[in-house]
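Pasting upload-v8.cif here (mmCIF, C-alpha atoms):
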```
data_work
#
loop_
_atom_site.label_atom_id
_atom_site.label_comp_id
_atom_site.auth_asym_id
_atom_site.auth_seq_id
_atom_site.Cartn_x
_atom_site.Cartn_y
_atom_site.Cartn_z
CA MET A 16 11.37 -21.05 40.88
CA ILE A 17 14.83 -19.59 40.79
CA LYS A 18 15.66 -18.39 37.34
CA LYS A 19 18.44 -16.68 35.51
CA ILE A 20 17.46 -14.13 32.90
CA GLU A 21 18.26 -16.76 30.27
CA ASP A 22 15.68 -19.07 31.84
CA TRP A 23 12.69 -16.71 31.79
CA ASN A 24 10.34 -17.66 29.04
CA TYR A 25 9.12 -15.17 26.46
CA TYR A 26 5.83 -14.55 28.20
CA GLU A 27 7.50 -13.84 31.50
CA LEU A 28 9.95 -11.51 29.80
CA LEU A 29 7.14 -9.46 28.32
CA ASN A 30 5.01 -9.79 31.47
CA VAL A 31 1.99 -11.12 29.61
CA GLU A 32 -0.27 -14.12 30.02
CA ARG A 33 0.13 -17.07 27.71
CA THR A 34 -3.31 -16.31 26.35
CA ALA A 35 -2.46 -12.69 25.59
CA SER A 36 -3.73 -11.13 22.38
CA ARG A 37 -1.42 -9.54 19.78
CA GLN A 38 -2.26 -6.11 21.16
CA GLU A 39 -1.36 -7.15 24.69
CA ILE A 40 1.87 -8.69 23.51
CA TRP A 41 2.74 -5.48 21.71
CA GLU A 42 2.01 -3.45 24.85
CA GLY A 43 4.06 -5.80 26.98
CA TYR A 44 6.90 -5.51 24.51
CA GLN A 45 6.81 -1.71 24.61
CA ALA A 46 6.70 -1.69 28.41
CA ALA A 47 9.58 -4.17 28.65
CA LEU A 48 11.65 -2.14 26.19
CA ALA A 49 11.02 1.00 28.21
CA THR A 50 11.98 -0.78 31.43
CA TYR A 51 15.39 -1.79 30.10
CA ASP A 52 16.02 1.27 27.99
CA PRO A 53 19.53 2.76 28.42
CA GLY A 54 18.09 5.82 30.14
CA SER A 55 15.54 3.89 32.16
CA LEU A 56 15.00 4.91 35.75
CA ALA A 57 13.62 1.55 36.85
CA ALA A 58 16.79 -0.33 35.95
CA TYR A 59 19.04 2.34 37.40
CA SER A 60 21.68 1.14 39.86
CA LEU A 61 20.38 -2.43 40.02
CA VAL A 62 20.89 -3.75 36.52
CA THR A 63 24.39 -3.54 35.09
CA GLU A 64 25.09 -2.52 31.50
CA ASP A 65 25.83 -6.10 30.40
CA GLU A 66 22.68 -7.46 32.02
CA ARG A 67 20.67 -4.72 30.44
CA ARG A 68 22.01 -5.53 26.98
CA LEU A 69 21.36 -9.24 27.51
CA ILE A 70 17.77 -8.76 28.57
CA THR A 71 17.04 -6.29 25.77
CA GLU A 72 18.25 -8.89 23.26
CA ARG A 73 16.04 -11.48 24.87
CA ILE A 74 13.04 -9.14 24.79
CA GLN A 75 13.58 -8.52 21.06
CA GLU A 76 13.83 -12.24 20.51
CA ALA A 77 10.65 -12.78 22.51
CA TYR A 78 8.66 -10.27 20.51
CA GLN A 79 9.95 -11.52 17.16
CA THR A 80 8.77 -14.98 18.09
CA LEU A 81 5.43 -14.12 19.66
CA ARG A 82 4.29 -11.71 16.94
CA ASP A 83 4.50 -14.45 14.32
CA PRO A 84 1.59 -16.91 14.68
CA GLU A 85 3.60 -19.80 13.23
CA LYS A 86 6.61 -19.26 15.45
CA LYS A 87 4.36 -18.63 18.45
CA LYS A 88 2.65 -21.96 17.95
CA ALA A 89 5.95 -23.78 17.74
CA TYR A 90 7.23 -21.98 20.81
CA ASP A 91 4.09 -22.76 22.84
CA LEU A 92 4.48 -26.43 21.98
CA ALA A 93 8.12 -26.37 22.98
CA LEU A 94 7.17 -24.70 26.27
CA LEU A 95 4.62 -27.39 26.99
CA LYS A 96 7.18 -30.09 26.38
CA ARG A 97 9.77 -28.37 28.48
CA SER A 98 7.53 -27.85 31.47
CA PHE A 99 8.05 -30.19 34.35
CA TYR A 100 5.74 -32.90 35.43
CA TYR A 101 3.99 -31.89 38.62
CA ALA A 102 3.06 -34.90 40.67
CA PRO A 103 -0.47 -34.63 42.01
CA LYS A 104 -0.59 -33.76 45.68
CA ALA A 105 -3.24 -36.22 46.81
CA PRO A 106 -2.82 -39.90 45.99
CA PHE A 107 -5.22 -40.77 43.20
CA ARG A 108 -6.62 -44.15 42.40
CA LYS A 109 -8.35 -45.07 39.24
CA SER A 110 -11.58 -46.93 39.72
CA VAL A 111 -14.42 -47.74 37.35
CA GLY A 112 -14.02 -45.00 34.82
CA LYS A 113 -13.65 -42.19 37.31
CA VAL A 114 -10.89 -40.74 39.41
CA GLU A 115 -11.48 -40.52 43.08
CA ILE A 116 -9.36 -39.45 45.99
CA GLU A 117 -8.10 -42.32 48.03
CA GLU A 118 -8.92 -42.22 51.68
CA VAL A 119 -5.84 -41.41 53.69
CA GLY A 120 -5.86 -43.34 56.93
CA HIS A 121 -6.15 -41.52 60.21
CA LYS A 122 -2.68 -40.62 61.37
CA ARG A 123 -2.13 -41.96 64.85
CA GLY A 124 -0.33 -39.83 67.33
CA PHE A 125 2.34 -41.08 69.68
CA ARG A 126 0.02 -41.09 72.68
CA GLU A 127 -2.56 -43.09 70.84
CA LYS A 128 0.01 -45.64 69.75
CA VAL A 129 1.15 -46.09 73.33
CA ARG A 130 -2.41 -46.49 74.51
CA LEU A 131 -3.07 -49.09 71.85
CA LEU A 132 0.07 -50.99 72.75
CA PHE A 133 -0.79 -51.19 76.41
CA SER A 134 -4.53 -51.47 76.33
CA ARG A 135 -5.92 -54.95 76.66
CA ARG A 136 -8.59 -54.58 74.08
CA LYS A 137 -7.62 -55.27 70.49
CA PRO A 138 -7.72 -52.05 68.47
CA ASP A 139 -9.97 -53.54 65.79
CA ALA A 140 -12.51 -55.04 68.13
CA GLY A 141 -15.59 -52.86 68.03
CA GLU A 142 -17.46 -51.49 70.98
CA PRO A 143 -19.49 -54.18 72.79
CA MET B 24 -9.54 -7.64 67.23
CA ASP B 25 -7.84 -8.01 63.92
CA THR B 26 -5.08 -5.43 63.86
CA ARG B 27 -3.35 -4.55 60.66
CA ILE B 28 0.09 -3.04 60.88
CA TRP B 29 1.22 -0.94 57.96
CA ALA B 30 4.72 0.40 57.55
CA VAL B 31 5.69 3.19 55.22
CA GLY B 32 9.38 3.35 54.49
CA GLY B 33 12.02 3.10 51.85
CA GLY B 34 15.41 4.61 51.51
CA LYS B 35 15.58 8.23 50.66
CA GLY B 36 14.33 11.24 52.57
CA GLY B 37 11.85 13.64 51.06
CA THR B 38 10.00 11.08 48.99
CA GLY B 39 6.82 11.68 50.95
CA LYS B 40 6.74 8.85 53.45
CA SER B 41 5.12 11.01 56.10
CA PHE B 42 2.73 12.45 53.53
CA VAL B 43 1.68 8.97 52.46
CA SER B 44 1.31 7.75 56.05
CA SER B 45 -0.74 10.73 57.14
CA SER B 46 -2.95 10.55 54.06
CA LEU B 47 -3.40 6.83 54.51
CA GLY B 48 -4.29 7.40 58.15
CA LEU B 49 -6.83 10.07 57.30
CA HIS B 50 -8.35 7.90 54.59
CA LEU B 51 -8.71 4.89 56.88
CA ALA B 52 -10.11 7.07 59.65
CA SER B 53 -12.69 8.44 57.24
CA LEU B 54 -13.83 4.86 56.69
CA GLU B 55 -14.68 4.85 60.40
CA ARG B 56 -11.79 2.66 61.34
CA ASP B 57 -9.84 3.13 64.51
CA VAL B 58 -6.42 4.27 63.31
CA LEU B 59 -3.18 4.89 65.15
CA LEU B 60 -0.24 6.61 63.51
CA ILE B 61 3.17 5.97 65.00
CA ASP B 62 6.03 8.23 64.09
CA ALA B 63 8.79 5.64 64.06
CA ASP B 64 11.22 8.01 62.39
CA LEU B 65 13.56 7.94 65.32
CA GLY B 66 16.09 10.32 63.83
CA GLY B 67 13.83 13.12 62.63
CA PRO B 68 10.16 12.93 63.43
CA ASN B 69 7.68 15.35 61.93
CA LEU B 70 4.49 13.45 61.35
CA HIS B 71 2.66 15.57 63.93
CA THR B 72 3.53 18.74 61.99
CA LEU B 73 1.90 17.30 58.90
CA LEU B 74 -1.28 16.84 60.89
CA GLY B 75 -1.08 20.39 62.17
CA MET B 76 -0.09 19.45 65.69
CA ARG B 77 2.65 20.79 67.90
CA ASN B 78 5.27 18.64 69.48
CA GLY B 79 4.68 17.72 73.08
CA HIS B 80 4.37 15.00 75.64
CA PRO B 81 3.62 12.19 75.87
CA ASP B 82 5.57 10.84 72.92
CA LEU B 83 7.47 7.76 71.81
CA GLY B 84 10.52 8.90 73.76
CA ASP B 85 8.59 8.71 77.03
CA PHE B 86 7.90 5.08 76.34
CA LEU B 87 11.44 4.28 75.29
CA THR B 88 12.87 5.89 78.39
CA SER B 89 10.26 4.05 80.49
CA LYS B 90 8.53 7.17 81.77
CA ILE B 91 5.31 5.44 80.81
CA SER B 92 4.95 1.70 80.88
CA MET B 93 2.43 1.08 78.11
CA LEU B 94 2.88 2.32 74.58
CA GLU B 95 -0.81 2.97 74.22
CA GLU B 96 -0.66 5.68 76.89
CA ALA B 97 1.52 7.70 74.54
CA ALA B 98 -1.25 7.90 71.94
CA VAL B 99 -2.90 11.29 71.73
CA GLU B 100 -6.00 12.35 69.85
CA THR B 101 -5.60 14.35 66.65
CA PRO B 102 -8.08 16.99 65.44
CA PHE B 103 -9.48 14.28 63.15
CA PRO B 104 -12.00 11.80 64.52
CA GLY B 105 -10.87 8.20 64.69
CA LEU B 106 -7.21 9.07 64.25
CA ARG B 107 -4.69 8.93 67.07
CA ILE B 108 -1.00 9.54 66.91
CA ILE B 109 2.09 8.62 68.87
CA ARG B 110 4.47 11.45 68.26
CA GLY B 111 8.13 10.85 67.69
CA THR B 112 10.54 12.35 70.11
CA GLU B 113 12.90 15.20 69.40
CA ASN B 114 14.47 15.53 72.76
CA ILE B 115 16.63 12.51 73.08
CA LEU B 116 19.30 12.00 70.51
CA PHE B 117 20.31 8.54 71.58
CA VAL B 118 16.89 7.13 70.81
CA ALA B 119 17.92 7.07 67.15
CA ASN B 120 20.31 4.30 68.12
CA LEU B 121 17.69 2.14 69.76
CA ASN B 122 19.14 -0.95 71.38
CA HIS B 123 17.96 -4.44 70.67
CA TYR B 124 16.05 -4.96 73.89
CA ARG B 125 14.12 -1.70 73.61
CA LYS B 126 13.33 -2.39 70.00
CA LEU B 127 11.84 -5.79 70.81
CA ARG B 128 9.80 -4.24 73.60
CA LEU B 129 8.51 -1.59 71.24
CA LEU B 130 7.62 -4.13 68.53
CA ARG B 131 5.85 -6.33 71.05
CA GLN B 132 3.82 -3.45 72.39
CA ILE B 133 2.88 -2.24 68.94
CA ARG B 134 1.30 -5.62 68.28
CA GLN B 135 -0.72 -5.38 71.49
CA ILE B 136 -2.22 -1.98 70.81
CA ASN B 137 -5.96 -1.84 70.58
CA ALA B 138 -6.58 -0.34 67.14
CA GLN B 139 -7.75 -1.57 63.78
CA ASP B 140 -4.96 -0.02 61.77
CA ILE B 141 -1.53 0.90 62.97
CA ILE B 142 0.59 2.88 60.57
CA LEU B 143 4.31 3.10 61.18
CA ASP B 144 5.98 6.06 59.56
CA LEU B 145 9.60 4.98 59.22
CA GLY B 146 12.72 7.02 58.90
CA THR B 147 15.20 7.25 56.08
CA GLY B 148 18.15 4.97 55.60
CA SER B 149 18.54 1.24 55.87
CA SER B 150 19.55 0.81 59.49
CA PHE B 151 18.63 -2.42 61.24
CA ASN B 152 16.01 -0.66 63.33
CA THR B 153 14.20 0.71 60.31
CA LEU B 154 14.42 -2.64 58.53
CA ASP B 155 13.02 -4.53 61.50
CA PHE B 156 10.06 -2.19 61.79
CA PHE B 157 9.45 -2.53 58.08
CA LEU B 158 9.64 -6.31 58.17
CA SER B 159 7.38 -6.59 61.21
CA ALA B 160 4.52 -4.92 59.36
CA ASN B 161 2.34 -6.82 57.00
CA PRO B 162 1.83 -4.44 54.19
CA GLY B 163 5.22 -2.77 54.05
CA ILE B 164 4.99 0.12 51.62
CA ILE B 165 8.00 1.60 49.88
CA VAL B 166 7.60 5.16 48.71
CA ALA B 167 9.76 6.17 45.78
CA THR B 168 9.83 9.22 43.55
CA PRO B 169 10.76 9.23 39.87
CA GLU B 170 14.34 10.34 40.47
CA PRO B 171 17.50 8.23 40.08
CA THR B 172 18.53 8.98 43.66
CA ALA B 173 15.24 7.75 45.10
CA ILE B 174 15.21 4.66 42.86
CA GLU B 175 18.75 3.80 43.84
CA ASN B 176 17.92 4.07 47.53
CA SER B 177 14.73 2.05 47.13
CA TYR B 178 16.64 -0.82 45.59
CA LEU B 179 19.25 -0.53 48.29
CA PHE B 180 16.50 -0.64 50.89
CA LEU B 181 14.99 -3.72 49.26
CA LYS B 182 18.36 -5.42 49.12
CA SER B 183 18.98 -4.62 52.77
CA CYS B 184 15.57 -6.04 53.65
CA ILE B 185 16.34 -9.22 51.74
CA MET B 186 19.67 -9.62 53.49
CA ARG B 187 18.03 -8.96 56.84
CA VAL B 188 15.31 -11.56 56.19
CA LEU B 189 17.86 -14.15 55.11
CA LYS B 190 20.07 -13.35 58.08
CA LEU B 191 17.19 -13.78 60.52
CA TYR B 192 16.30 -17.14 58.99
CA MET B 193 19.93 -18.24 58.99
CA ASP B 194 20.17 -17.42 62.67
CA HIS B 195 16.92 -19.14 63.45
CA TYR B 196 17.78 -22.34 61.63
CA LYS B 197 21.40 -22.10 62.72
CA ILE B 198 22.63 -22.33 59.16
CA PRO B 199 26.37 -21.97 59.56
CA ASP B 200 28.89 -19.79 57.75
CA LEU B 201 26.45 -18.52 55.20
CA HIS B 202 26.11 -14.95 56.27
CA GLN B 203 29.60 -13.90 55.28
CA LYS B 204 29.28 -15.71 51.98
CA MET B 205 25.99 -14.00 51.31
CA LEU B 206 27.41 -10.58 52.08
CA GLU B 207 30.33 -11.16 49.73
CA GLN B 208 28.19 -12.47 46.91
CA ILE B 209 25.22 -10.15 47.04
CA GLU B 210 27.28 -7.03 47.43
CA LYS B 211 28.85 -7.58 44.03
CA ASN B 212 25.88 -7.18 41.73
CA SER B 213 22.23 -7.97 41.36
CA GLN B 214 22.43 -11.15 39.34
CA SER B 215 24.56 -12.61 42.11
CA LEU B 216 21.45 -13.08 44.23
CA TYR B 217 20.56 -15.74 41.71
CA GLY B 218 24.12 -17.07 41.88
CA PHE B 219 23.96 -17.19 45.64
CA PHE B 220 20.77 -19.24 45.66
CA LYS B 221 22.04 -21.49 42.91
CA SER B 222 25.19 -22.35 44.82
CA LEU B 223 23.17 -22.68 48.01
CA VAL B 224 20.75 -25.14 46.45
CA ASP B 225 23.61 -27.11 44.94
CA ALA B 226 25.33 -27.31 48.30
CA ASP B 227 22.29 -28.08 50.42
CA ARG B 228 18.81 -28.28 49.04
CA SER B 229 16.96 -28.08 52.32
CA TYR B 230 18.67 -24.90 53.43
CA GLY B 231 18.21 -23.46 49.99
CA THR B 232 14.51 -24.21 50.12
CA ILE B 233 14.07 -22.64 53.54
CA LEU B 234 15.82 -19.47 52.54
CA TYR B 235 14.11 -19.20 49.19
CA ARG B 236 10.76 -19.63 50.86
CA ALA B 237 11.68 -16.90 53.31
CA LEU B 238 12.65 -14.64 50.45
CA ARG B 239 9.41 -15.25 48.59
CA ASN B 240 7.43 -14.49 51.73
CA PHE B 241 8.83 -11.00 51.76
CA ARG B 242 6.30 -9.06 49.68
CA PRO B 243 6.69 -5.34 49.88
CA CYS B 244 4.46 -2.85 48.12
CA LEU B 245 5.49 0.14 46.08
CA VAL B 246 3.99 3.58 45.68
CA VAL B 247 5.46 6.09 43.24
CA ASN B 248 4.96 9.55 44.65
CA LYS B 249 5.24 12.91 42.89
CA ALA B 250 4.49 11.49 39.45
CA ARG B 251 4.51 14.26 36.87
CA ASP B 252 3.90 12.59 33.51
CA GLU B 253 2.81 9.43 31.74
CA LYS B 254 6.27 7.92 31.97
CA ASP B 255 6.26 8.16 35.74
CA LEU B 256 3.03 6.22 35.87
CA LEU B 257 4.77 3.32 34.15
CA LEU B 258 7.79 3.49 36.39
CA GLY B 259 6.22 1.47 39.19
CA ARG B 260 5.32 -1.35 36.87
CA SER B 261 8.83 -1.37 35.49
CA MET B 262 10.36 -1.37 38.95
CA SER B 263 8.28 -4.30 40.02
CA ASP B 264 9.37 -6.15 36.86
CA VAL B 265 13.02 -5.43 37.58
CA ALA B 266 12.63 -6.51 41.22
CA ARG B 267 10.98 -9.74 40.14
CA LYS B 268 13.74 -10.61 37.71
CA TYR B 269 16.80 -9.38 39.52
CA LEU B 270 15.91 -9.45 43.21
CA LEU B 271 13.64 -12.52 42.98
CA ILE B 272 10.87 -10.86 45.00
CA ASP B 273 7.32 -9.80 44.25
CA LEU B 274 7.15 -6.05 44.55
CA HIS B 275 3.48 -5.19 44.52
CA TYR B 276 2.89 -1.96 42.67
CA LEU B 277 0.00 -0.03 44.20
CA GLY B 278 -0.08 3.00 41.99
CA ALA B 279 1.30 6.44 41.41
CA ILE B 280 0.40 9.59 43.30
CA PRO B 281 0.44 12.64 41.04
CA TYR B 282 2.55 15.62 41.95
CA ASP B 283 0.54 18.49 43.37
CA GLU B 284 1.91 21.94 44.09
CA ARG B 285 -0.74 22.47 46.74
CA VAL B 286 0.85 19.84 48.98
CA HIS B 287 3.59 22.35 49.64
CA GLU B 288 1.09 25.08 50.42
CA SER B 289 -0.84 22.84 52.80
CA LEU B 290 2.38 22.01 54.53
CA LYS B 291 3.17 25.68 55.05
CA SER B 292 -0.26 26.39 56.42
CA MET B 293 0.10 23.30 58.63
CA ARG B 294 -3.11 21.71 57.49
CA PRO B 295 -3.07 18.18 56.14
CA PHE B 296 -3.45 18.14 52.39
CA PHE B 297 -5.69 15.13 52.45
CA ALA B 298 -8.23 16.87 54.68
CA SER B 299 -8.26 20.21 52.85
CA HIS B 300 -8.05 18.87 49.27
CA GLY B 301 -9.92 15.62 49.66
CA ASP B 302 -11.29 15.72 46.12
CA SER B 303 -7.99 16.31 44.30
CA ALA B 304 -6.42 13.74 42.00
CA THR B 305 -3.59 13.27 44.46
CA ALA B 306 -5.91 12.43 47.34
CA LYS B 307 -7.89 10.16 45.05
CA SER B 308 -4.84 8.15 44.10
CA VAL B 309 -3.93 7.71 47.75
CA ARG B 310 -7.39 6.28 48.33
CA GLU B 311 -7.02 4.01 45.32
CA ALA B 312 -3.65 2.77 46.49
CA ALA B 313 -5.08 2.05 49.93
CA GLU B 314 -7.97 0.13 48.44
CA GLU B 315 -5.74 -1.83 46.10
CA LEU B 316 -3.61 -2.68 49.09
CA ALA B 317 -6.50 -3.63 51.34
CA TYR B 318 -7.70 -5.95 48.62
CA SER B 319 -4.35 -7.59 48.07
CA VAL B 320 -3.41 -7.96 51.71
CA GLU B 321 -5.70 -10.90 51.85
CA PHE B 322 -3.61 -12.59 49.21
CA SER B 323 -0.25 -11.62 50.62
CA HIS B 324 -1.16 -13.49 53.81
CA ARG B 325 -1.29 -16.70 51.87
CA THR B 326 1.56 -19.12 51.94
CA PRO B 327 3.66 -18.92 48.82
CA PRO B 328 3.29 -21.57 46.13
CA GLU B 329 5.39 -24.63 46.53
CA ILE B 330 8.95 -24.22 45.43
CA ARG B 331 10.46 -26.42 42.82
CA PHE B 332 13.95 -26.07 41.60
CA PRO B 333 14.77 -26.62 37.96
CA ASN B 334 17.24 -29.42 38.60
CA GLY B 335 15.87 -32.62 40.03
CA ARG B 336 12.21 -33.13 40.71
#
```

Please re-express this file's structure in C-alpha cells.
Amino acid sequence: MIKKIEDWNYYELLNVERTASRQEIWEGYQAALATYDPGSLAAYSLVTEDERRLITERIQEAYQTLRDPEKKKAYDLALLKRSFYYAPKAPFRKSVGKVEIEEVGHKRGFREKVRLLFSRRKPDAGEP
Amino acid sequence: MDTRIWAVGGGKGGTGKSFVSSSLGLHLASLERDVLLIDADLGGPNLHTLLGMRNGHPDLGDFLTSKISMLEEAAVETPFPGLRIIRGTENILFVANLNHYRKLRLLRQIRQINAQDIILDLGTGSSFNTLDFFLSANPGIIVATPEPTAIENSYLFLKSCIMRVLKLYMDHYKIPDLHQKMLEQIEKNSQSLYGFFKSLVDADRSYGTILYRALRNFRPCLVVNKARDEKDLLLGRSMSDVARKYLLIDLHYLGAIPYDERVHESLKSMRPFFASHGDSATAKSVREAAEELAYSVEFSHRTPPEIRFPNGR
C-alpha cells in the first residue's frame, strides 16, 4: 500500500507487531529515534531535514500513545475501524450453519466452445 | 539444475564487495556446492587477486571479444575445491562500456551456465550495465559500510535501480511519456517517489498498479561491512526502515560483518581471509548472512501481496 509518512500507523512507525509487549515497544521506539536522529547515518542524504523532523514528531506521538494502556486500547480500536474491508477471494455461500466454498464451474476455453458449437451432440447429453 | 544467481554490488568502491563475494563463494563451496564466481567489475577487476590468483587467460574479455564462444569455457579452477572463477579482464578498456547487444549475450549465457551458485561481483557506480547485472540476479546484495559516503552511494544505487526497474516496465508496457516525468519528480527528493505514485494512480490506476507491483518485486538485500561498534550493528536495521518508508521497497537486512584488521594482512599475503581465518567472527558473520539469505530467498521468490490503494476499494 502506498503511504505517506502521515499515513503510517504507530506500529509501523516503531517497526513492531501489534501484539508487541511494552518492552518491545520501548525498544522499537529507541531504534526509531536512533534512525531519525539528527546525526543518524541511516537517514543521511535520503531524508531531508523537514521530513526528519516530521517523522520524529510522529514517533514521539506513537510512543506516547502506545505506552499508555488506555490510549493504546483506544488507538487499537480506531485502527480496527479504519482498516479497509477486504473482500474474500473465493466466493462463499452460506449453507446449513457452515461456510463452504462454492464450486466454480470449469472455465471453457475458446477451442472447446467452438467444438461444442459445431458438434452434433448436445453438450449435456452423457456418454451412451 | 536449479541455478541461483547472486549479485554483490552497491555504489561506492572499497566497501568490500569483492571480499563479500569471495567469502560467500568460499562458504558455499565448503557446503559442497558447485560455485562459479564471475568478476563482473568491468572497470577494475581484482577478484582473482583476493583468491590468490594471478591474472591470465581465459577471462571475461575473451568472451566479450568473441575469442571464445561459450562463457563457461572462460571459467578456471581456483585452488579451492568446488570453486571456479571467471576472471575480469584488464586488457581492454572499452569493455567497461559494454554495448547493449553484448550485455544481453552475457546475461543470457550466465543463466545457461552449469553451476549451482553463480556469484556476480559487480563494479562501483550506478551505470546501466551494473544495474542490469544487479537486477538480473535473484538475491541482489548491497554492501555498505558505516560511513556517510557509502550510505549516500547505497541510496543512490537503490534509487537508480528503482528508476531502472520502472523504466524497463514502462518500456515493456509502452506506458507513454512517464519516464521524463518520473526523472523530474524523483530527482527532487525522496518523498517525491510517493508523490509520483500518487499522481500516477490518480491519473491511471492500471498503470499505477503495474508499476507499483514492479517496484515491490524489487527486493534487494543489505550487508553492513566493517562494523566497528554496537551502533553499526543497528545501522542496517535503520537503513531498511528508511528504505521501506521513503523508497517504498523492502530492503532485506542480512547482518553486519565486523571489522577485522587481519583482512588487510590476508590481502597483502594474497591468501583469502575466509580460508585462513575461517573461525573468526568476521567469517562467521559472512556465513550467517549467507544462511539468512538462503533461507529468505525462498520467500523473495513469492509473488508480492495484492496491492490495494487507499482510495477506492

With distances taken over all atoms listed in the file, which of A:Asp83, A:Glu27, A:Glu39, A:Glu127 is nearest to chain B? A:Glu27

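Distance check against chain B using all atoms listed in the file: of A:Lys88, A:Arg130, A:Arg67, A:Lys96, the minimum falls on A:Arg67.
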
Selection result of the PyMOL selection byres ((chain B and resi 231-238) around 7) on this file, as an MDAnalysis selection string: chainID B and resid 185 189 192 220 223:224 227:230 239:241 272

With only C-alpha atoms as the counted atoms, please give the residues lying no more than 7 Å from B:Ile164, apart from itself and same-chain residues fewer than 3 positions off, as a PyMOL selection string. chain B and resi 30-32+243-246

Give one line per residue of stretch 180-266 of chain B that approaches stretch 35-48 of chain B to at most 10 Å, naming the two atoms of the closest pair and their distance in Å to one decimal, counting all atoms listed in the file; sort by chain then ascending residue number and deliver it as a Markdown table.
```
| residue | atom | partner | partner_atom | distance |
| --- | --- | --- | --- | --- |
| B:Phe180 | CA | B:Lys35 | CA | 8.9 |
| B:Val246 | CA | B:Val43 | CA | 9.0 |
| B:Val247 | CA | B:Thr38 | CA | 8.9 |
| B:Asn248 | CA | B:Thr38 | CA | 6.8 |
| B:Lys249 | CA | B:Thr38 | CA | 8.0 |
```

Keeping only C-alpha atoms, write those residues as a tab-separated table (two decimals), keeping the file's coordinate frame.
```
chain	number	residue	atom	x	y	z
B	180	PHE	CA	16.50	-0.64	50.89
B	246	VAL	CA	3.99	3.58	45.68
B	247	VAL	CA	5.46	6.09	43.24
B	248	ASN	CA	4.96	9.55	44.65
B	249	LYS	CA	5.24	12.91	42.89
```

Go through B:Asp85, B:Glu315, B:Asp264, B:Asp255 one by one, measure the shortest atom-to-atom distance of each to A:Asn30 using only C-alpha atoms, and give the residue with the smallest value. B:Asp264

Pick from B:Asp82, B:Glu113, B:Asp144, B:Glu170, whichever lies nearest to chain A using all atoms listed in the file: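 Counting all atoms listed in the file, the residue closest to chain A is B:Glu170.
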
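Taking only C-alpha atoms into account, chain B lies nearest to A:Tyr51 out of the set A:Trp41, A:Phe133, A:Tyr51, A:Tyr25.
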
Coordinates of box centre and edge lengths for stretch 101-111 of chain B, 3 Å on every side, axis-aligned, as AutoDock Vina command-line options:
```
--center_x -1.9 --center_y 12.6 --center_z 66.0 --size_x 26.1 --size_y 14.8 --size_z 11.7
```

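When atom CA of B:Lys90 is paired with atom CA of B:Arg128, their separation reads 14.1 Å.
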
For chain B, which of A:Leu81, A:Ile40, A:Leu48, A:Ala57 is the closest residue, counting only C-alpha atoms? A:Ala57

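Run against this file, the PyMOL selection byres ((chain B and resi 63) around 9) gives back Ile61, Asp62, Asp64, Leu65, Gly66, Pro68, Leu83, Ile109, Arg110, Gly111, Leu143, Asp144, Leu145, Gly146, Thr153 and Phe156 of chain B.
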
Residues near B:Leu201, anyone? I mean within 10 Å using all atoms listed in the file, not counting same-chain ones fewer than 3 positions away, as a ChimeraX atom specification. /B:189-190,193-194,197-198,204-207,219,223

Assuming the input is short of atoms at stretch 78-89 of chain A, produce N, CA and C atoms for that part as a short mmCIF file (atom, residue, chain, number, x, y, z; two decimals), in the frame of the given file.
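And here's selection20.cif as it stands now:
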```cif
data_model
loop_
_atom_site.label_atom_id
_atom_site.label_comp_id
_atom_site.auth_asym_id
_atom_site.auth_seq_id
_atom_site.Cartn_x
_atom_site.Cartn_y
_atom_site.Cartn_z
N TYR A 78 9.71 -10.90 21.31
CA TYR A 78 8.66 -10.27 20.51
C TYR A 78 8.67 -10.80 19.09
N GLN A 79 9.88 -11.00 18.53
CA GLN A 79 9.95 -11.52 17.16
C GLN A 79 9.29 -12.88 17.06
N THR A 80 9.39 -13.66 18.12
CA THR A 80 8.77 -14.98 18.09
C THR A 80 7.25 -14.90 18.30
N LEU A 81 6.85 -14.11 19.29
CA LEU A 81 5.43 -14.12 19.66
C LEU A 81 4.54 -13.36 18.67
N ARG A 82 5.13 -12.47 17.88
CA ARG A 82 4.29 -11.71 16.94
C ARG A 82 3.91 -12.57 15.74
N ASP A 83 4.71 -13.60 15.49
CA ASP A 83 4.50 -14.45 14.32
C ASP A 83 3.68 -15.67 14.73
N PRO A 84 2.45 -15.81 14.22
CA PRO A 84 1.59 -16.91 14.68
C PRO A 84 2.23 -18.29 14.55
N GLU A 85 2.96 -18.50 13.45
CA GLU A 85 3.60 -19.80 13.23
C GLU A 85 4.65 -20.09 14.30
N LYS A 86 5.52 -19.10 14.48
CA LYS A 86 6.61 -19.26 15.45
C LYS A 86 6.04 -19.38 16.86
N LYS A 87 4.97 -18.61 17.11
CA LYS A 87 4.36 -18.63 18.45
C LYS A 87 3.84 -20.02 18.77
N LYS A 88 3.21 -20.63 17.76
CA LYS A 88 2.65 -21.96 17.95
C LYS A 88 3.75 -22.96 18.29
N ALA A 89 4.83 -22.87 17.51
CA ALA A 89 5.95 -23.78 17.74
C ALA A 89 6.55 -23.56 19.12
#
```
